[in-house]
Structure formats: C-alpha cells, structure tokens
Amino acid sequence: MLKVLVVEDDKYLNKLLSDHLLNMEMEIVSSLDGQDAWNKLQEAQAVGKGFQLIVLDMLLPRLMGAELLTKINNQSEFDGLRRIAISGVYKSEDDINQIKMLHRVEAYLTKPFDLEHLSSTILQKEIDTSPNQSFKNGYLNEFNIERVFYRIYSQGLTGCLRLIYEEQHRRVFFLNGHPISADSSSVGENFGESLVKLAFITKEKREEASREMVKAGLHFGEMLVRMKAISKDDLFRALRKHTYQLLVNVFLTRQGRFEFENLHEIPAHLPRIEFNPFLLMLSAQEKLISVEALASLANIHMDAFPVRQSRYLQLLPLLRLETPALEALKGFHSKTSLRSLLKGLASNQRMAILRVLYLFEDISLVGWSSEPTKEKEAVASNEVDFSEIFEEGKQAGLKASEDQIFSRYMDTLNQDFFQILNVEAEASNKEIDAAYREARARFHPDSFEGGGSGQSRRILDDILERLDRAYTTLSEPSSRKEYAQTLKRLSADSAADSKRYLQAQDFFREAVKLLSAEKFAEAKQGFEKAFLTWRAGIEYRLYAEYCQLRIKLGENSPQFDIQKNLHKYKEMASNYRQSEVGFLLAGHLYRVAENYEEARSCYTKALELNSQSADVQNALTSLARESGSKIEWRKKFSVAKPYLKKAAVYIVLLGSTIGLISQKNQFMKPDLTVREIDAKDYQSILPILNIRKKEDMAKLELEGDALKDIPDPVFRSKCLQILAQIESSGVNRLYFIERGKGLKGFCSHEQSKRY
C-alpha cells in the first residue's frame, strides 16, 4: 500500500484529495502547513515507516513549498521520496520547469485539476473516465440536482453548471468540486433584490444605483460603494449571503435540464467564495421536506439495516453535526437497525440524523437491507480524521488580517487588467513591470499576519493569479490591443443589458400601480411588456397570468373552470420556488374564489420561502380575520354535536390543561437563577413587554391578545426569528404569556404550539 503525505493548507481541498486517495486504497497522512509536514516526514522516517510519496502545495503557511522541498533534497534519507507539486499561482512554463529542475519534482499540477488527473499521475498511467461523464448533461427529473453536485464534488471538477428551465437560466461555478459563485437571470434573484431583502440598502437606493451604474459604466456593487450606500465589508457579507441563498434555491427547482462544462480557469470577474455543498443540500432539504414528512419517510426503514458506501464516513465531518448525532452516525453500521440508532436520542438529534440519512440515500451513499450485512473493515480503518479542522471559529490574531484581505478583494473583484495593475492603457512596459512587482508584493500572503488561511488564502491565490495574467496580457503589445478591444465590446453589451433591465423595471412599477387600483387589463399589458423586454423576468409572467385570472374570476363565466385554472397557476408557482411571489399571488387568487384552505396553504408555502416577507405575513393575518368572519356560522352549528363527542373533547382539554398548569407552575416558580433579558431587541418581531430566562428556556410576556389574530405559520416564523436572536443567551425554548390571559404559546426549533 502506497503511503502518501498530502500537504495543502486549504482544508476543504486537503480533505477532497485525501479522501480520493484513500478510495484508491492508499495510506494517507494529512498536513495543513509546511512545518507540520516536515515534522511528520522526519518522525515517520525515524521509526522506519517513511512516506513513499508527497503531494504538496507550493504556497504554504509556516514553511513554503519550495523551502520544504529544499529541506527534503538536503537529506539523503529522502532520496527515494516521490514528489508531486500543485499550485494555483506558479503557472508559467518557465516557473514549472524551474521548480521541477531545482526540487526534483516528478510532476507539477496547476490548479484547478481533476482528481482523475492526479490519479493517473500517481499511477503513471492513463485512467478511463468515460463512465463518469454521463452526468454532465441531462434532465433533473432523471438525475436529481443533489447527485449532480455530489458527482462534481467527488471528482473535484472545476467548471460551470448551467440549469435551464423555460426562460430562466442559472449558472453555478465550481472550483475543485466546491461551488464558489452563482448567478441567475431571474429578477427576484439578482443581487440588488437580495440587498433589499437582507436590509443592506433600501429600494430607493437600489433603483438609484441601477440607473447611475449605466451612466458611470460601473458594476452595481461598485456604484453602491461610490454612493456610500454600503461599505466594502458589508458588500462582501451581502455577496456571501446572496450567493448562499441562490445556491440553496438551486436545490428547490426540481425540473429542467442541466449542462456541465469543464473550465481550465474561473472567469476573473467572479467572486470566489467557497461553500460546503452538503450544508447547502441540508438547508434546501429543510425547506422542501417538513419534519412530519421526514418522520413518515423514516418509518419505511425503521427496522432496516444500512448498507454504507466508502465515502459515508469521509463526509460526516463536513456536516457540522452536534457530537451526539455525529458519534451516532459514525457508529451506525450494517448490524444496527435504524430503530436502534434513534433509541434514546433527543428529538433534535433524531431529526438531524434522519436528514443526513435521507440526503445520503439521495446521493447513493446509503442503501437499506432487511437483514444485517457484512461490511468491509477498510471503510472505517482508513478514514482520515478532519473533525477538528472543520470546527468553526478563527484565531483571534488572524481576524483583522482576514478582514483586510476581504476588503482588498472587494476592491479588485470587478477590476480589469489595467485597473488591477493601476496603469493607463498607454503605459510603457517599464511602468507595467514596476506596477506588477508592487501589486504582487502588496497581495503576497507574507504581507498579512499569519499569511492568511482557508478562504482568505484562496482569495489571495486568486488575486495573484489575476495579476500574473494581467502582466502577461499587457506586456505584449498585440495581446494588449486585443484585450482593450474586447473590454470595449463587453462594456457596450453590458450597458445595453442594463438599459433593457431598467426599462423592464419601469414597465413593472407602472403595472403594479395599475394592479393596486384593480385595473387588471391595463396591468396585464404592463407586465407583458416587462416580460417581453426582459424575458428572464419570470416574475413579470407570473403577474401577467395573475391579472388574466383575476379578469376571468370577475366575469363569472360558467365556461371558465375556476379550480382547474387555479391549480394550473399553483403548479406554475411551484416551479418557481426561489421566490415567494408565485405562492403569494396564488393565495390571493384562491382567496378571491373563497377557497380559504388553499389560500392558507399557498400563503404558508410563501412564508416558508421567505419568512421575513411582510406582504405574506399580512396576507395570512388578514386571511385569518376574513375567513373567520365568513365561517362563523359553522361554529354555531358545532354546539349541536352529540354530547358524547363534547364530553370526549372536554376530557382531552382538561387533561391538557392540567399538564399545562403543571408545566407553567414549574416554570413560574421563583428561582434565583432567573435573569432578565432586554426585550427592546425583539419588539420589532412581537409586542414583548419583558423576557425572563431560566436555564435553556425563556418566558416572554406580551400585551393582552397580542397573538390572537396571528395565524399559526406566522407565529411559527416569528418564533424562529426570536430563537435565532436569543440563542446566544443559551435559550432554545420559548413560552409566550399574554398579560391577564396566561400561557398562550410554546416554541422550540422542532415545534410550536398555541393554547
């Protein structure tokens, strides 16, 4: 068995490389910096168990790759050690030849590279990868999106995944198997809309920046910073949140086709913010599958035994599970039933485990057998333990350095080659040489405390690579001239696109005004104009169809099948799950048709897609009042139900009340451990008068009848908002007490109840 030392400071790439080589039945030891790698080389050699191969990055903290190779070359006991170097910075042929000659490197792989390329280099033979290419084009109803992402991850691919459904197009860019950037043609998924939803800017600032960027020839983010509408640090945080939500939305769309294209390099203007694909899948799964549905699915396999694939254990450290759930899943083997696994665990741990198993089943890492099966011992014994590496948190000393790196990154993100080198188009070669050397020194890892790590190190590599390409392009007159012409053409195309989008938005705003006045025919024409101007704006089409149905509902034509057409519209909304707009409008339509249950269902789904939407919350609240008044007469008839049924209801209520009183009394019992929490931070969510905390639970006192007109889904949404803010105080259970009314609600992450 080949013994390999993998030295790579990017923890995600390190794990990807290690897992891949483990699956090739090699013995793997991993290291995140040059000094640690040198220590491990010496220790293994001293006990007679030396390494046969080292795979190392050239840019490493503590001890650079070149320095480590020099140490290796200076000691004769390492003469038989094979050396494979990898780098995302030193890519020129001269650099590669010099490194190979000076450091006796047998192969040099430039990032990004496919894992199969690494395999063939180590084995020194070509590997047939044709069976693995079948997933690169297909339909999502035949090859689900989770399996697509998993294949890209497991092969460490770099490229662009295009997802096409009707007029809507999304692109996801991958680097070494990890999603790093995404964009969408949808109006509801553009960066400006996200900034408004995330409360970084107002709608007015978004519109102003959209218009000014066209005049100034700047990107949207650059324009906002110039207007001082947002800081560079906030822009980076907003960009990360926007990309994360866009990536989660990718998993919510289950229809359409996909195409994957391998790329040798990622386009320079794209941000490179690395995301964990498996956490994205779990986040999307929570939106798609309720706790109740998950429990029902689990019942199918409750007495079954798992059949685990080799990567099962390797991926667990990436999922950020709490210790009880992580340890339980590690010990879940082929002789343990699912029922035995879940026995004795807390409800939140059981749900976390079921979500992981559902995901692993989806990507074919877990199968099920009615009988215990024999499992290969190698699955567990060869596992490299990365659990500590993936713990959250940064070293305090590196925080300021990383913030500085992110700030400089935002400066360079949308710059062309002239701008990143800070030279004029007519600059001489001498001026370009000087600017290149100065810029490279400014962005070199050594100029930052700690040299950067993880995400920040990848960002520096990205900037250094762009500096190299800028220098290579601008140093040669013919390539500089060609590049300048390309810039001019791209600028003209971008300006034309921006103008079309702004014109569509103007049509849309006017149509919304007409819709508010219930001028449905005129509003429909306005929305159709917007859609024809910007066909990627699926929202415009949803509004146009909504207006058409409102016209038909107003005509009361007997030939018009109301339920059939409303169901068709609801299906259309289901295919556009990245925004709450479709379900919100569907809810309005069902409400007009006085089908309150369907209206409530649509509003609830809209709220699940955007729990912060005031429009959806208001719609649910007003629906509760409206439907309540129209069906009040039905409640009066319930008095005439058989007395035995009434008695049974009273008995159940009495039992519940006794339990609640006991629970309330236990909570309300005076205790010196009870402390006050400032209620001001939560009053924008609910009219809270005061908050008292004891251990992991808190009592929230509200004004009388504060919860009366709030529908259950809205109550649940507000509960989760409060929990998200109050969790830092160690609270995970909330009790809602209305002044003069008593206990009216309970909430945790798993459930909520109204009393």
# chains A, B, ... in the order shown; residues from 1 in each chain; ligands from 1
>>> residues_around(residues="Phe260 in chain A", least_positions_apart="3", cutoff="10 Å", atoms="only C-alpha atoms", output="PyMOL selection string")
chain A and resi 133+135-138+148+152+157-163+171-173+263
>>> residues_around(residues="Leu345 in chain A", least_positions_apart="6", cutoff="10 Å", atoms="only C-alpha atoms", output="number ranges by chain")
A: 324-325, 328, 351, 353
>>> residues_around(residues="range 471-481 of chain A", least_positions_apart="6", cutoff="9 Å", atoms="only C-alpha atoms", output="ChimeraX atom specification")
/A:417-418,421,425,428-429,432-433,436
>>> atom_distance(atom1="CA of Tyr501 in chain A", atom2="CA of Tyr540 in chain A")
11.9 Å
>>> residues_around(residues="Leu502 in chain A", least_positions_apart="5", cutoff="12 Å", atoms="only C-alpha atoms", output="ChimeraX atom specification")
/A:187,206-214,495-497,507-509,530,533-534,537
>>> atom_distance(atom1="CA of Ser334 in chain A", atom2="CA of Asp362 in chain A")
18.4 Å
>>> closest_residue(among="A:Glu106, A:Ser340, A:Pro277, A:Arg272", to="Asp303 in chain A", atoms="only C-alpha atoms")
A:Ser340
>>> closest_residue(among="A:Met64, A:Ile122, A:Val4, A:Leu280", to="Gln245 in chain A", atoms="only C-alpha atoms")
A:Leu280
>>> atom_distance(atom1="CA of Ile99 in chain A", atom2="CA of Arg82 in chain A")
14.4 Å
>>> closest_atom_pairs(of="range 668-736 of chain A", to="range 612-625 of chain A", cutoff="9 Å", atoms="only C-alpha atoms", output="Markdown table")
| residue | atom | partner | partner_atom | distance |
| --- | --- | --- | --- | --- |
| A:Asp709 | CA | A:Thr621 | CA | 6.2 |
| A:Ile710 | CA | A:Thr621 | CA | 5.5 |
| A:Pro711 | CA | A:Thr621 | CA | 5.9 |
| A:Pro713 | CA | A:Leu620 | CA | 8.2 |
| A:Val714 | CA | A:Gln617 | CA | 6.0 |
| A:Ser717 | CA | A:Gln612 | CA | 8.2 |
| A:Lys718 | CA | A:Gln612 | CA | 8.8 |
| A:Gln721 | CA | A:Gln612 | CA | 8.8 |
>>> write_last_selection(atoms="N, CA and C atoms", output="JSON list (two decimals), in the first residue's frame")
[["chain", "number", "residue", "atom", "x", "y", "z"],
["A", 709, "ASP", "N", -54.75, 37.39, 16.55],
["A", 709, "ASP", "CA", -55.01, 37.41, 15.10],
["A", 709, "ASP", "C", -53.82, 36.94, 14.27],
["A", 710, "ILE", "N", -52.84, 36.35, 14.90],
["A", 710, "ILE", "CA", -51.66, 35.88, 14.17],
["A", 710, "ILE", "C", -51.84, 34.41, 13.80],
["A", 711, "PRO", "N", -51.88, 34.07, 12.51],
["A", 711, "PRO", "CA", -52.03, 32.66, 12.09],
["A", 711, "PRO", "C", -50.84, 31.81, 12.55],
["A", 713, "PRO", "N", -48.75, 29.69, 10.97],
["A", 713, "PRO", "CA", -47.47, 29.78, 10.25],
["A", 713, "PRO", "C", -46.69, 31.06, 10.55],
["A", 714, "VAL", "N", -47.42, 32.18, 10.72],
["A", 714, "VAL", "CA", -46.75, 33.44, 11.04],
["A", 714, "VAL", "C", -46.18, 33.38, 12.46],
["A", 717, "SER", "N", -43.04, 31.40, 12.28],
["A", 717, "SER", "CA", -41.97, 32.18, 11.67],
["A", 717, "SER", "C", -41.38, 33.18, 12.66],
["A", 718, "LYS", "N", -42.25, 33.86, 13.42],
["A", 718, "LYS", "CA", -41.78, 34.85, 14.40],
["A", 718, "LYS", "C", -41.03, 34.17, 15.54],
["A", 721, "GLN", "N", -37.55, 33.49, 14.36],
["A", 721, "GLN", "CA", -36.77, 34.73, 14.33],
["A", 721, "GLN", "C", -36.25, 35.08, 15.72]]
>>> residues_around(residues="Gly587 in chain A", least_positions_apart="4", cutoff="9 Å", atoms="only C-alpha atoms", output="PyMOL selection string")
chain A and resi 570+582-583+591-592+596+598-603+606+619
>>> residues_around(residues="range 255-257 of chain A", least_positions_apart="5", cutoff="7 Å", atoms="only C-alpha atoms", output="CSV table (one decimal) with N, CA and C atoms, in the first residue's frame")
chain,number,residue,atom,x,y,z
A,138,GLY,N,-28.1,16.4,-18.9
A,138,GLY,CA,-29.3,15.6,-18.6
A,138,GLY,C,-30.5,16.4,-18.1
A,139,TYR,N,-31.5,15.7,-17.6
A,139,TYR,CA,-32.7,16.3,-17.1
A,139,TYR,C,-32.8,16.0,-15.6
A,140,LEU,N,-33.3,17.0,-14.8
A,140,LEU,CA,-33.3,16.9,-13.4
A,140,LEU,C,-34.3,15.9,-12.8
A,141,ASN,N,-35.3,15.6,-13.6
A,141,ASN,CA,-36.3,14.6,-13.2
A,141,ASN,C,-35.7,13.2,-13.4
A,163,LEU,N,-28.2,25.5,-15.4
A,163,LEU,CA,-29.5,24.9,-15.1
A,163,LEU,C,-30.5,25.8,-15.8
A,164,ILE,N,-31.3,25.1,-16.7
A,164,ILE,CA,-32.2,25.8,-17.6
A,164,ILE,C,-33.6,25.3,-17.4
A,165,TYR,N,-34.5,26.2,-17.1
A,165,TYR,CA,-36.0,25.8,-17.0
A,165,TYR,C,-36.8,26.9,-17.7
>>> residues_around(residues="Leu118 in chain A", least_positions_apart="4", cutoff="10 Å", atoms="only C-alpha atoms", output="ChimeraX atom specification")
/A:17,20-21,55,84,86,107-109,113-114,122-124
>>> select_by_dssp(residues="range 278-337 of chain A", states="alpha helix (DSSP H)", output="PyMOL selection string")
chain A and resi 278-288+291-300+311-315+323-330
>>> write_last_selection(atoms="C-alpha atoms", output="PDB file, in the first residue's frame")
ATOM      1  CA  PHE A 278     -23.535  19.245   1.656  1.00  0.00           C
ATOM      2  CA  LEU A 279     -24.621  22.017   4.042  1.00  0.00           C
ATOM      3  CA  LEU A 280     -26.391  23.644   1.093  1.00  0.00           C
ATOM      4  CA  MET A 281     -28.232  20.383   0.386  1.00  0.00           C
ATOM      5  CA  LEU A 282     -29.348  20.051   4.017  1.00  0.00           C
ATOM      6  CA  SER A 283     -30.553  23.680   4.119  1.00  0.00           C
ATOM      7  CA  ALA A 284     -32.632  23.151   0.978  1.00  0.00           C
ATOM      8  CA  GLN A 285     -33.952  19.862   2.322  1.00  0.00           C
ATOM      9  CA  GLU A 286     -35.373  21.657   5.379  1.00  0.00           C
ATOM     10  CA  LYS A 287     -37.387  23.884   3.039  1.00  0.00           C
ATOM     11  CA  LEU A 288     -38.587  21.001   0.856  1.00  0.00           C
ATOM     12  CA  VAL A 291     -40.381  17.290   9.978  1.00  0.00           C
ATOM     13  CA  GLU A 292     -43.625  15.307   9.709  1.00  0.00           C
ATOM     14  CA  ALA A 293     -42.863  14.159   6.149  1.00  0.00           C
ATOM     15  CA  LEU A 294     -39.321  13.195   7.149  1.00  0.00           C
ATOM     16  CA  ALA A 295     -40.612  11.116  10.064  1.00  0.00           C
ATOM     17  CA  SER A 296     -43.057   9.340   7.734  1.00  0.00           C
ATOM     18  CA  LEU A 297     -40.272   8.529   5.280  1.00  0.00           C
ATOM     19  CA  ALA A 298     -38.088   7.232   8.122  1.00  0.00           C
ATOM     20  CA  ASN A 299     -40.803   4.788   9.211  1.00  0.00           C
ATOM     21  CA  ILE A 300     -40.277   2.900   5.956  1.00  0.00           C
ATOM     22  CA  ARG A 311     -17.446   7.855   1.370  1.00  0.00           C
ATOM     23  CA  TYR A 312     -20.106   7.614   4.103  1.00  0.00           C
ATOM     24  CA  LEU A 313     -17.635   8.137   6.966  1.00  0.00           C
ATOM     25  CA  GLN A 314     -15.483  10.556   4.975  1.00  0.00           C
ATOM     26  CA  LEU A 315     -18.278  13.095   4.528  1.00  0.00           C
ATOM     27  CA  THR A 323     -21.388  15.498  18.908  1.00  0.00           C
ATOM     28  CA  PRO A 324     -24.209  13.058  19.876  1.00  0.00           C
ATOM     29  CA  ALA A 325     -25.560  12.921  16.306  1.00  0.00           C
ATOM     30  CA  LEU A 326     -22.080  12.698  14.747  1.00  0.00           C
ATOM     31  CA  GLU A 327     -20.977   9.863  17.034  1.00  0.00           C
ATOM     32  CA  ALA A 328     -24.254   8.005  16.482  1.00  0.00           C
ATOM     33  CA  LEU A 329     -23.854   8.191  12.686  1.00  0.00           C
ATOM     34  CA  LYS A 330     -20.210   7.078  12.888  1.00  0.00           C
TER      35      LYS A 330
END
